[in-house]
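In what follows, a structure is listed as structure tokens, so that the remarks can point back to it.
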Number of protein chains: 4
Amino acid sequence: MRFFSDNAAPAHPKVIEAIAASNRLDTAYDGDEWSARLDGAFSDLFGTEVRAFWVTTGTAANCLALAALCPPYRAILCHRDAHIEVDEAGAPGFFTGGAKLVLLEGEGAKLTPDALDDACDAIRNDVHQVQPAAISITNATEYGLVYRVDEVAAVGDVARRRGLALHMDGARLANAIAFTGDSLADMTWRSGVDALSFGFVKNGGLNAEALILFRTELADQIAVRRKRAGHLLSKGRYLAAQLLAMLEGDLWLDNARAANAAAQTLAKAAPDRLVYPVQANELFLRVSAGEAQRLREMGFDFYDWGPGQIRLVTSWDQQSAAIEGLAGVIAAL
Amino acid sequence: MRFFSDNAAPAHPKVIEAIAASNRLDTAYDGDEWSARLDGAFSDLFGTEVRAFWVTTGTAANCLALAALCPPYRAILCHRDAHIEVDEAGAPGFFTGGAKLVLLEGEGAKLTPDALDDACDAIRNDVHQVQPAAISITNATEYGLVYRVDEVAAVGDVARRRGLALHMDGARLANAIAFTGDSLADMTWRSGVDALSFGFVKNGGLNAEALILFRTELADQIAVRRKRAGHLLSKGRYLAAQLLAMLEGDLWLDNARAANAAAQTLAKAAPDRLVYPVQANELFLRVSAGEAQRLREMGFDFYDWGPGQIRLVTSWDQQSAAIEGLAGVIAAL
Amino acid sequence: MRFFSDNAAPAHPKVIEAIAASNRLDTAYDGDEWSARLDGAFSDLFGTEVRAFWVTTGTAANCLALAALCPPYRAILCHRDAHIEVDEAGAPGFFTGGAKLVLLEGEGAKLTPDALDDACDAIRNDVHQVQPAAISITNATEYGLVYRVDEVAAVGDVARRRGLALHMDGARLANAIAFTGDSLADMTWRSGVDALSFGFVKNGGLNAEALILFRTELADQIAVRRKRAGHLLSKGRYLAAQLLAMLEGDLWLDNARAANAAAQTLAKAAPDRLVYPVQANELFLRVSAGEAQRLREMGFDFYDWGPGQIRLVTSWDQQSAAIEGLAGVIAAL
Amino acid sequence: MRFFSDNAAPAHPKVIEAIAASNRLDTAYDGDEWSARLDGAFSDLFGTEVRAFWVTTGTAANCLALAALCPPYRAILCHRDAHIEVDEAGAPGFFTGGAKLVLLEGEGAKLTPDALDDACDAIRNDVHQVQPAAISITNATEYGLVYRVDEVAAVGDVARRRGLALHMDGARLANAIAFTGDSLADMTWRSGVDALSFGFVKNGGLNAEALILFRTELADQIAVRRKRAGHLLSKGRYLAAQLLAMLEGDLWLDNARAANAAAQTLAKAAPDRLVYPVQANELFLRVSAGEAQRLREMGFDFYDWGPGQIRLVTSWDQQSAAIEGLAGVIAAL
């Protein structure tokens, strides 16, 4: 059984059905009826007027947003372990035209107001040093920790105070919301988020992610940048239909809850091995090389995460039986 | 009935089936079993070793290829009406880091060796003028004309003689091949093509295009550039499966033949109105404004193409009855 | 004698003196006393508040301005023969991050309002086509023709009407002003120019050009972009001192008048051979290959400018005797 | 007296003389007789065939080199305090098209082979992480420390072993050589350096720096990139002449020795206050805020360098009396 990534999981059947159901003639690009419903559907979901763009990857969502929020000659503050820094092949540099990522420390890949203030204060305000323009946070973080609403709001305060834009990489925002029970509105725009990469693919989608703009005046620019980056698909209806299917009946939230529940089951099996508290759908466990090998021999798949640690990621589709099985195995290691 | 774009057509049922059939757990990105079969499948198809990459748009395929073939400080020779110049929002400038498109004239959007030689000769060989690095041709062209093998080879000769790379935008290569009956090998690498954007979406695909590298040493760079541009989807299996379905039993060729046949039926209805000979699946007709309005009132949809001209594009899925109907209407205008 | 470029001429002695006179300890970059005087000196010269930046090349002045006026995903309208298109190695693409130059036709490398309107009207207003953001004109043009104030104002009207910025490449603005006798104010900001590359090097300077911003709110961005492009010299005083020396006693205007007068002397010697009326300091003459060779054998140096034409450029320092000599030779060809 | 930067010092009289002496008509750009002598002069100096390019800033020299050594999608390893990271406004990102700087730790801003190996080993070899392409070291470092020949060679070994290019920022290479007494050849190409930014402006030059290519096959690309970045001055003779004057009679070395000697005099006055050993022409002293204020009141100018530290930089032109004066003052603090 694979626990190395939620990207490995299949798409939810309703997503496949939605694709099949949208398989008829319509206008090209994003002129179709499904794409036309996105702004409304996401505005309803967030309780405010937003502009919603389908894209096919989180990298595209993140970097289109960052390019609109940060000119080429300024900087984005993010955690040293942020996905945009570590796992996107330098895409922020490509999309922004060479803007700089300033890397901050922080427990569990979370940024704190103090760390942000310190980083800003350390930058001389002259033309020789790159001045910050934006902050990017990831919720849930790369270590499966969740920013609560007040924590996002505190980052939002720093942003407002210093005239910086705030981007949220929400590749696993659904898992974060499933954990805290907060509203999407409180977690995002009410806490100062300007643009959100809202992930669906890891959460049961097929190949549609959403870029949500709370600063709707950026929409025209984003539309052009999306096309210019080759991300305006000619048959956009199949992406829009996926997103609508994920919103229908809060499927996105159900899926996230399922994945989180699986993670909790595993967490309870090995509380002493946890590197971080388990909040979303990722577990980082202290496991010796021998133990890791035994798990693999039993058919469990996962990433090594530095010496003596492994990462497990649970998915929306994991069966209770399998999870219980792994939980038992871990407990018995 | 819509004739404004083959992008409006639905995906072929076998493509939808392939997506559904690949909806199971597998490795993320392009580590899955379908993606792993692409190089082999396309190498077989082209009769030589190639490297094949799925992407979701022709723009991405074109511009990833061009970025690998042309450094930021050099130029790409293309037709003034080429899609990369006219309809990709400046994507070549973005992907290449500012390389220049040198725009050439040519009947029906085709480049000739003479036009290419003249363009090269007009560039002073010094650091002040941007030196060419690549040629890009579109087959079939933006006006539905087809380069025959000897024409591609003649362009390939110029490329080799002048040390330029040769890219082919094959958004409608299937239609070109369906028209000439030539082999894909003759039409591409045997005629000097280094990289090919092989279109499937306009031809019954859903959202998977193929970037084919005949210069396989570029593959590592393309793999990185694809990721960096946000085009490495996390569940690539659904793209790979689409491409494999299109290759299966030469579905790509059947679809193109169907679209071409529809275009021929329409062409025969109005031979005097044709702006260009009809070879692939596009028709450009001389039609007065009043006639165009009448067609629209009868429920036919198409683009105006400058004063007194309209463009019709036929698709793989068009029913004979509908086509005959339109043909009759046009003949009776 | 060399007539192939005003770049070949030496610097005016007063410029050398100014460099020597500023050769003492001062603050680095542009913190020195000479740099501090530039804004004031140029504001006086233009009769309005401007921000003035020294740079070392016209290419840097042009492209820094264009990068501030045009985002990466939009276009600059310019003449097909504009220096930014023909002779700057693609620098606009580099500085803007891939913005597009849309090339217009126009007699003598001049843009007309009609040509600009036609070009804008030909661009579909959608995300597929690159939308214009700026116009760039060159005064005097690459063929030595001068836009008069009303012509600049007419271009400025198009710019304002369409929401475009207006840049003037004034590599030889001094020669244009010397020809028309107009004020710098009328020729630039009063006619709608937002940013000006004001050339000094071809006109007796050593290596200092000026970038003048009439939209002073762009100054902070330009300051950063200048540094980021490696154009913030660490001992800026030597550039600022050159510019101040050129302004002192209107040396810039005296030099331009001298160069223009030399051109007029030559023009009068061969009125029938002129390809364009001579207005600034460039002459384009119809001369057979044999005649061109004879001129070269007599020691005159110049560029061939296509078949049957040559280009002569006069400079601030040319002696009457030499000019009269060449005039006589040409008259006698 | 100013000790805040060697950029504040005037140019050496011989440099001014050389400019005046080259003030005559010659070919534009780098076609003049002085520019033509650069390759030879620097090849003699380095004892191997090099290609030498004048530029006007160290930033331009550094970033042109880096752009030639590192594609947009790869990374440059450098020290966290390297000038290219800290004080060039993100210029590496601009020139390279978005390549990444990977920041390493190291005492006194020096990179060690171990730190380099660790950094490389920490990068997963896949398309998600940015792979390194080059190393950049600064000699003398930003803290005035000097890499000795064996230290550079050790870095060069890492570079060769891992297939990375090696760039040296030699803004103060003259001071490094003056300190160690090694040959330029041993310090650079014999130790594996591929491209060198050889600084002259801080060392008595006016506005000419040299970019030296030991990998001469990069010269054509650098020539184009220099033009494209607006760094090909139209009257290049004045830059070339400066460089030749600095080489004449080893003026560059004499100047560096003078600056270093001044630094040593100051260092001996306050051995207990030194943060780093003084090797080149920079001193970092532990000085309380009150002491710093007293020094300023006595007319000495310098940078604060974090709490409780100041930076003094000595220059080629500093008079013994002034230096002795400051030394006495510091000793008596």
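A note on labels: chains of the structure tokens are A, B, ... as shown, every chain counts residues from 1, and ligands are counted from 1 in their shown order.
Assigned to strand (DSSP E or B) in segment 130-174 of chain A, given DSSP computed from backbone atoms, are Pro132, Ala133, Ala134, Ile135, Ser136, Ile137, Thr138, Ala165, Leu166, His167, Met168, Asp169 and Gly170 of chain A.
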Got time to write the residues from that selection, N, CA and C atoms, as a short mmCIF file (atom, residue, chain, number, x, y, z; two decimals), in the first residue's frame?
data_model
loop_
_atom_site.label_atom_id
_atom_site.label_comp_id
_atom_site.auth_asym_id
_atom_site.auth_seq_id
_atom_site.Cartn_x
_atom_site.Cartn_y
_atom_site.Cartn_z
N PRO A 132 11.19 43.34 0.08
CA PRO A 132 10.09 42.37 0.01
C PRO A 132 8.82 42.98 -0.56
N ALA A 133 8.04 42.14 -1.22
CA ALA A 133 6.74 42.56 -1.75
C ALA A 133 5.61 41.64 -1.29
N ALA A 134 5.95 40.43 -0.90
CA ALA A 134 4.89 39.47 -0.59
C ALA A 134 5.37 38.44 0.43
N ILE A 135 4.39 37.85 1.09
CA ILE A 135 4.61 36.72 1.99
C ILE A 135 3.85 35.52 1.42
N SER A 136 4.45 34.36 1.48
CA SER A 136 3.73 33.14 1.09
C SER A 136 3.78 32.13 2.22
N ILE A 137 2.61 31.69 2.64
CA ILE A 137 2.54 30.63 3.66
C ILE A 137 1.82 29.42 3.08
N THR A 138 2.08 28.27 3.67
CA THR A 138 1.46 27.02 3.21
C THR A 138 0.58 26.47 4.33
N ALA A 165 1.89 41.84 0.15
CA ALA A 165 0.77 40.99 -0.24
C ALA A 165 0.91 39.64 0.48
N LEU A 166 -0.20 38.94 0.61
CA LEU A 166 -0.16 37.64 1.29
C LEU A 166 -0.77 36.55 0.39
N HIS A 167 0.06 35.56 0.13
CA HIS A 167 -0.36 34.41 -0.67
C HIS A 167 -0.42 33.19 0.23
N MET A 168 -1.43 32.36 0.01
CA MET A 168 -1.49 31.09 0.72
C MET A 168 -1.43 29.93 -0.28
N ASP A 169 -0.45 29.06 -0.06
CA ASP A 169 -0.38 27.82 -0.82
C ASP A 169 -1.28 26.83 -0.08
N GLY A 170 -2.44 26.59 -0.64
CA GLY A 170 -3.40 25.71 0.01
C GLY A 170 -3.52 24.37 -0.68
#
Per residue of chain C within 10 Å of chain B, which atom pair is closest and at what distance in Å (one decimal), using only C-alpha atoms, listed by chain and increasing number, as JSON lines?
{"residue": "C:Pro72", "atom": "CA", "partner": "B:Phe94", "partner_atom": "CA", "distance": 7.8}
{"residue": "C:Tyr73", "atom": "CA", "partner": "B:Gly90", "partner_atom": "CA", "distance": 6.5}
{"residue": "C:Arg74", "atom": "CA", "partner": "B:Gly90", "partner_atom": "CA", "distance": 7.9}
{"residue": "C:Ala75", "atom": "CA", "partner": "B:Gly90", "partner_atom": "CA", "distance": 8.9}
{"residue": "C:His83", "atom": "CA", "partner": "B:His128", "partner_atom": "CA", "distance": 9.7}
{"residue": "C:Glu85", "atom": "CA", "partner": "B:Gln129", "partner_atom": "CA", "distance": 8.6}
{"residue": "C:Val86", "atom": "CA", "partner": "B:Gln129", "partner_atom": "CA", "distance": 6.1}
{"residue": "C:Asp87", "atom": "CA", "partner": "B:His128", "partner_atom": "CA", "distance": 4.7}
{"residue": "C:Glu88", "atom": "CA", "partner": "B:His128", "partner_atom": "CA", "distance": 5.3}
{"residue": "C:Ala89", "atom": "CA", "partner": "B:His128", "partner_atom": "CA", "distance": 4.7}
{"residue": "C:Gly90", "atom": "CA", "partner": "B:Val130", "partner_atom": "CA", "distance": 6.1}
{"residue": "C:Ala91", "atom": "CA", "partner": "B:Tyr73", "partner_atom": "CA", "distance": 8.4}
{"residue": "C:Pro92", "atom": "CA", "partner": "B:Gly98", "partner_atom": "CA", "distance": 8.2}
{"residue": "C:Gly93", "atom": "CA", "partner": "B:Gly98", "partner_atom": "CA", "distance": 4.4}
{"residue": "C:Phe94", "atom": "CA", "partner": "B:Gly98", "partner_atom": "CA", "distance": 5.4}
{"residue": "C:Phe95", "atom": "CA", "partner": "B:Gly98", "partner_atom": "CA", "distance": 8.6}
{"residue": "C:Thr96", "atom": "CA", "partner": "B:Gly98", "partner_atom": "CA", "distance": 8.2}
{"residue": "C:Gly97", "atom": "CA", "partner": "B:Gly98", "partner_atom": "CA", "distance": 6.0}
{"residue": "C:Gly98", "atom": "CA", "partner": "B:Gly98", "partner_atom": "CA", "distance": 4.1}
{"residue": "C:Ala99", "atom": "CA", "partner": "B:Gly93", "partner_atom": "CA", "distance": 6.8}
{"residue": "C:Lys100", "atom": "CA", "partner": "B:Gly90", "partner_atom": "CA", "distance": 6.9}
{"residue": "C:Leu101", "atom": "CA", "partner": "B:Lys100", "partner_atom": "CA", "distance": 9.1}
{"residue": "C:Ala122", "atom": "CA", "partner": "B:Gly306", "partner_atom": "CA", "distance": 9.9}
{"residue": "C:Ile123", "atom": "CA", "partner": "B:Val86", "partner_atom": "CA", "distance": 9.2}
{"residue": "C:Arg124", "atom": "CA", "partner": "B:Asp87", "partner_atom": "CA", "distance": 9.8}
{"residue": "C:Asp126", "atom": "CA", "partner": "B:Ala89", "partner_atom": "CA", "distance": 9.0}
{"residue": "C:Val127", "atom": "CA", "partner": "B:Ala89", "partner_atom": "CA", "distance": 6.3}
{"residue": "C:His128", "atom": "CA", "partner": "B:Asp87", "partner_atom": "CA", "distance": 4.7}
{"residue": "C:Gln129", "atom": "CA", "partner": "B:Ala89", "partner_atom": "CA", "distance": 4.9}
{"residue": "C:Val130", "atom": "CA", "partner": "B:Ala89", "partner_atom": "CA", "distance": 4.9}
{"residue": "C:Gln131", "atom": "CA", "partner": "B:Ala89", "partner_atom": "CA", "distance": 8.4}
{"residue": "C:Gly306", "atom": "CA", "partner": "B:Ala122", "partner_atom": "CA", "distance": 9.8}
**OP:** Fewer than 6 positions away in the same chain doesn't count, so skip those; otherwise give me all residues within 12 Å of segment 287-302 of chain C, counting only C-alpha atoms, as a PyMOL selection string.
**Re:** (chain C and resi 1-6+8+270+272-275+308-314+322-323+325-333) or (chain D and resi 26-27)
Original post:
How would you write, as an MDAnalysis selection string, the set of residues in segment 74-252 of chain C that DSSP gives as helix (DSSP H, G or I)?
Top reply: chainID C and resid 83:86 91:96 107:109 113:121 149:162 173:180 184:187 189:191 201:203 216:228 237:252
Original post:
Which neighbours of Asp32 of chain B fall inside 12 Å, counting only C-alpha atoms, when residues of the same chain fewer than 2 positions from it are skipped, and could you give them as number ranges by chain?
Top reply: A: 7-10; B: 22-30, 34-38, 233-241
**OP:** Find the residues near Leu145 of chain A: any atom within 7 Å, counting only C-alpha atoms, skip ones fewer than 6 places away on the same chain, and give them as number ranges by chain.
**Re:** A: 108, 278-280
Subject >> Near-Ala223 of chain C list (12 Å; only C-alpha atoms; drop same-chain fewer than 2 positions) as an MDAnalysis selection string >> reply: (chainID A and resid 73 126:129) or (chainID C and resid 29:30 51:55 61 64:65 68 211:213 216:221 225:233) or (chainID D and resid 89)
